[in-house]
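A.B. asks: There's a structure below that I have some questions on.
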Amino acid sequence: MLKYKHLFFDLDHTIWDFATNEKITLTQLFHHYKLEQYFNSFDDFFERYKPINLDLWVKYRNGEIKKYELNIGRFYNTFCTVDLDNFTMAESFASDFVSINPTQTALIPHTIEVLEYLKSRYSMHIITNGFIETQYVKIDRSGLRPYFKKFFISEEVGFQKPKTSFFEYAINSCNARKAESLIIGDSLEADIQGAKNYGLDHVFFNPDNTPHQETIFKEISSLLELKDWL
Ligand SMILES: [Mg+2]
């Protein structure tokens with residue numbers, strides 16, 4: 001008898017390779033907008049962008065800024081670090097980023113192999129913090145849709161992970177029992193803390209083996225480990 005019936009997978013950085021896809025998109029746009037005129041190199045641009053983007057995501061999650069302030073601000077603020085004070089260009093760059101990035105298709109290593117193995121054994125669902133118009137494009141373009149029954153996108157659900165309401169909504173919508181449900185994600189704050197708060201078993205996907213102090217139910221550094229364990 002299998003212990004679990006329902007597996008709830010995070011999307012970004014857990015199965016959809018956000019870091020690789022983001023870098024591909026930003027490289028394309030960097031050249032398209034001829035940003036070499038302002039930055040020393042793409043890497044120079046990217047190193048400035050990363051902390052600005054992270055900081056605005058934290059503010060957005062905390063409800064301090066709106067979605068458009070995150071979307072445009074991350075590029076506008078990055079441009080401003082090299083005295084490129086061009087809000088119109090930041091708006092256009094942001095809009096291109098949001099439409100192009102979800103069409104990228106890089107997945108975390110072994111994603112399809114593992115999903116193929118799991119699909120006949122479990123009901124699988126997506127739980128993701130993100131925007132409706134981007135997350136479904138990622139799911140479709142990268143061929144993930146056939147593996148999953150239900151999709152819980154924070155913007156659609158009305159709550160974000162790690163809110164207990166998000167997990168409660170997802171579990172109830174699947175008519176799942178908590179004891180038969182497993183959360184799989186890469187974020188200690190969103191996925192693991194959320195699962196713990198609601199009393200759910202969880203798998204922490206930690207591909208770089210980043211050290212931490214948390215008590216974790218199960219930790220893996222490769223998705224392949226799920227094949228042995230589930
Ligand atoms: Mg994630």
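Ligands are numbered from 1 in the order shown, residues from 1 within each chain, and chains are lettered A, B, ... in the order they appear in the structure tokens.
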What are the DSSP strand (DSSP E) residues of region 113-206 of chain A, as an NGL selection string?
C.D. replies: :A and (123-128 or 150-153 or 181-185 or 201-205)
A.B. asks: What's the 12 Å shell around Lys59 (chain A), counting only C-alpha atoms, without same-chain residues fewer than 5 positions away, as a list in words?
C.D. replies: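 Here the qualifying residues turn out to be Ile52, Asn53, Leu54, Glu64, Ile65, Lys66, Lys67, Glu69, Leu70, Gly73 and Arg74 of chain A.
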A.B. asks: Quick one: residues within 12 Å of Arg48 (chain A), only C-alpha atoms counted, chain neighbours fewer than 4 positions away excluded, as a PyMOL selection string?
C.D. replies: chain A and resi 39-44+52-55+74-82
A.B. asks: Considering only C-alpha atoms and all ligand atoms, tabulate each residue of chain A that lies at most 9 Å from ligand 1 along with its nearest interatomic pair and the corresponding distance in Å to one decimal; arrange the rows by chain and ascending residue number and present them as JSON lines.
C.D. replies:
{"residue": "A:Asp10", "atom": "CA", "partner": "ligand 1", "partner_atom_place_in_ligand_line": "1 (Mg)", "distance": 5.5}
{"residue": "A:Leu11", "atom": "CA", "partner": "ligand 1", "partner_atom_place_in_ligand_line": "1 (Mg)", "distance": 5.8}
{"residue": "A:Asp12", "atom": "CA", "partner": "ligand 1", "partner_atom_place_in_ligand_line": "1 (Mg)", "distance": 4.2}
{"residue": "A:His13", "atom": "CA", "partner": "ligand 1", "partner_atom_place_in_ligand_line": "1 (Mg)", "distance": 4.6}
{"residue": "A:Thr14", "atom": "CA", "partner": "ligand 1", "partner_atom_place_in_ligand_line": "1 (Mg)", "distance": 5.4}
{"residue": "A:Ile15", "atom": "CA", "partner": "ligand 1", "partner_atom_place_in_ligand_line": "1 (Mg)", "distance": 8.3}
{"residue": "A:Trp16", "atom": "CA", "partner": "ligand 1", "partner_atom_place_in_ligand_line": "1 (Mg)", "distance": 8.6}
{"residue": "A:Phe18", "atom": "CA", "partner": "ligand 1", "partner_atom_place_in_ligand_line": "1 (Mg)", "distance": 8.4}
{"residue": "A:Thr128", "atom": "CA", "partner": "ligand 1", "partner_atom_place_in_ligand_line": "1 (Mg)", "distance": 7.3}
{"residue": "A:Asn129", "atom": "CA", "partner": "ligand 1", "partner_atom_place_in_ligand_line": "1 (Mg)", "distance": 8.0}
{"residue": "A:Gly185", "atom": "CA", "partner": "ligand 1", "partner_atom_place_in_ligand_line": "1 (Mg)", "distance": 5.8}
{"residue": "A:Asp186", "atom": "CA", "partner": "ligand 1", "partner_atom_place_in_ligand_line": "1 (Mg)", "distance": 5.0}
{"residue": "A:Ser187", "atom": "CA", "partner": "ligand 1", "partner_atom_place_in_ligand_line": "1 (Mg)", "distance": 5.5}
{"residue": "A:Ala190", "atom": "CA", "partner": "ligand 1", "partner_atom_place_in_ligand_line": "1 (Mg)", "distance": 7.9}
{"residue": "A:Asp191", "atom": "CA", "partner": "ligand 1", "partner_atom_place_in_ligand_line": "1 (Mg)", "distance": 7.6}
A.B. asks: May I have the residues within 8 Å of region 148-162 of chain A as a CSV table (one decimal) with N, CA and C atoms, in the first residue's frame, using only C-alpha atoms and disregarding those fewer than 2 positions away in the same chain?
C.D. replies:
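In the end it all went to result-v3.csv:
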chain,number,residue,atom,x,y,z
A,61,ARG,N,5.5,39.9,-2.1
A,61,ARG,CA,4.9,38.8,-1.3
A,61,ARG,C,4.3,39.4,0.0
A,123,SER,N,-2.0,10.8,-7.9
A,123,SER,CA,-2.6,11.9,-8.4
A,123,SER,C,-1.7,13.1,-8.2
A,124,MET,N,-1.3,13.8,-9.2
A,124,MET,CA,-0.3,14.9,-9.1
A,124,MET,C,-1.0,16.2,-9.4
A,125,HIS,N,-0.5,17.2,-8.7
A,125,HIS,CA,-1.1,18.6,-8.8
A,125,HIS,C,0.1,19.6,-8.7
A,126,ILE,N,-0.2,20.8,-9.3
A,126,ILE,CA,0.8,21.9,-9.2
A,126,ILE,C,0.3,22.9,-8.1
A,127,ILE,N,1.2,23.3,-7.3
A,127,ILE,CA,1.0,24.4,-6.3
A,127,ILE,C,2.1,25.5,-6.6
A,128,THR,N,1.7,26.6,-7.0
A,128,THR,CA,2.7,27.6,-7.4
A,128,THR,C,2.3,29.0,-7.1
A,129,ASN,N,3.2,29.8,-6.5
A,129,ASN,CA,3.0,31.2,-6.4
A,129,ASN,C,3.4,31.9,-7.7
A,130,GLY,N,2.4,32.6,-8.3
A,130,GLY,CA,2.7,33.2,-9.6
A,130,GLY,C,1.5,33.8,-10.2
A,131,PHE,N,1.7,34.2,-11.4
A,131,PHE,CA,0.6,34.9,-12.2
A,131,PHE,C,-0.1,33.9,-13.1
A,132,ILE,N,-1.4,34.1,-13.2
A,132,ILE,CA,-2.2,33.2,-14.1
A,132,ILE,C,-1.7,33.1,-15.5
A,135,GLN,N,2.0,31.2,-15.6
A,135,GLN,CA,2.2,29.8,-15.1
A,135,GLN,C,1.6,28.8,-16.0
A,144,LEU,N,4.2,19.9,-19.5
A,144,LEU,CA,4.0,19.4,-18.2
A,144,LEU,C,2.5,19.0,-17.9
A,145,ARG,N,1.6,19.7,-18.7
A,145,ARG,CA,0.2,19.6,-18.4
A,145,ARG,C,-0.4,18.1,-18.2
A,146,PRO,N,0.0,17.2,-19.1
A,146,PRO,CA,-0.6,15.9,-19.1
A,146,PRO,C,-0.3,15.1,-17.8
A,164,THR,N,-1.5,29.0,5.2
A,164,THR,CA,-2.3,27.8,5.4
A,164,THR,C,-3.5,27.7,4.5
A,165,SER,N,-4.1,28.9,4.3
A,165,SER,CA,-5.4,28.9,3.5
A,165,SER,C,-5.1,28.4,2.1
A,166,PHE,N,-3.9,28.6,1.5
A,166,PHE,CA,-3.5,28.1,0.2
A,166,PHE,C,-3.5,26.6,0.2
A,167,PHE,N,-2.8,26.0,1.2
A,167,PHE,CA,-2.7,24.6,1.3
A,167,PHE,C,-4.0,23.9,1.6
A,169,TYR,N,-7.0,25.0,0.8
A,169,TYR,CA,-7.8,25.1,-0.4
A,169,TYR,C,-7.4,24.0,-1.4
A,170,ALA,N,-6.1,23.9,-1.6
A,170,ALA,CA,-5.6,22.9,-2.6
A,170,ALA,C,-6.0,21.4,-2.1
A,174,CYS,N,-9.0,18.8,-3.9
A,174,CYS,CA,-8.7,17.5,-4.5
A,174,CYS,C,-9.4,16.4,-3.7
A,189,GLU,N,10.8,28.8,2.7
A,189,GLU,CA,9.9,29.7,3.2
A,189,GLU,C,8.5,29.4,2.7
A,190,ALA,N,8.3,29.2,1.4
A,190,ALA,CA,7.0,29.1,0.8
A,190,ALA,C,6.5,27.6,0.9
A,191,ASP,N,7.2,26.7,0.4
A,191,ASP,CA,6.7,25.3,0.4
A,191,ASP,C,6.9,24.5,1.7
A,192,ILE,N,8.1,24.6,2.2
A,192,ILE,CA,8.3,23.7,3.4
A,192,ILE,C,7.7,24.3,4.7
A,193,GLN,N,7.8,25.6,4.9
A,193,GLN,CA,7.2,26.2,6.0
A,193,GLN,C,5.7,26.1,5.9
A,194,GLY,N,5.1,26.3,4.7
A,194,GLY,CA,3.7,26.2,4.5
A,194,GLY,C,3.2,24.8,4.8
A,195,ALA,N,3.9,23.8,4.3
A,195,ALA,CA,3.5,22.4,4.6
A,195,ALA,C,3.6,22.1,6.1
A.B. asks: Excluding Lys138 (chain A) and its own-chain neighbours fewer than 5 positions away, which residues fall within 9 Å of it when counting only C-alpha atoms? Please give them as a list in words.
C.D. replies: Trp16, Asn101, Pro102, Thr103, Gln104, Thr105, Gly143 and Leu144 of chain A
A.B. asks: From the DSSP assignment of the backbone, select every residue of region 38-95 of chain A that is helix (DSSP H, G or I), and format the answer as a PyMOL selection string.
C.D. replies: chain A and resi 42-61+67-80+87-95
A.B. asks: Figure out the distance between CA of Asp201 (chain A) and CA of Lys178 (chain A), please, to one decimal in Å.
C.D. replies: 8.4 Å
A.B. asks: Near Lys227 (chain A), within 12 Å and counting only C-alpha atoms, which residues show up once chain neighbours fewer than 5 positions away are dropped, as a PyMOL selection string?
C.D. replies: chain A and resi 110-119+121+220+222
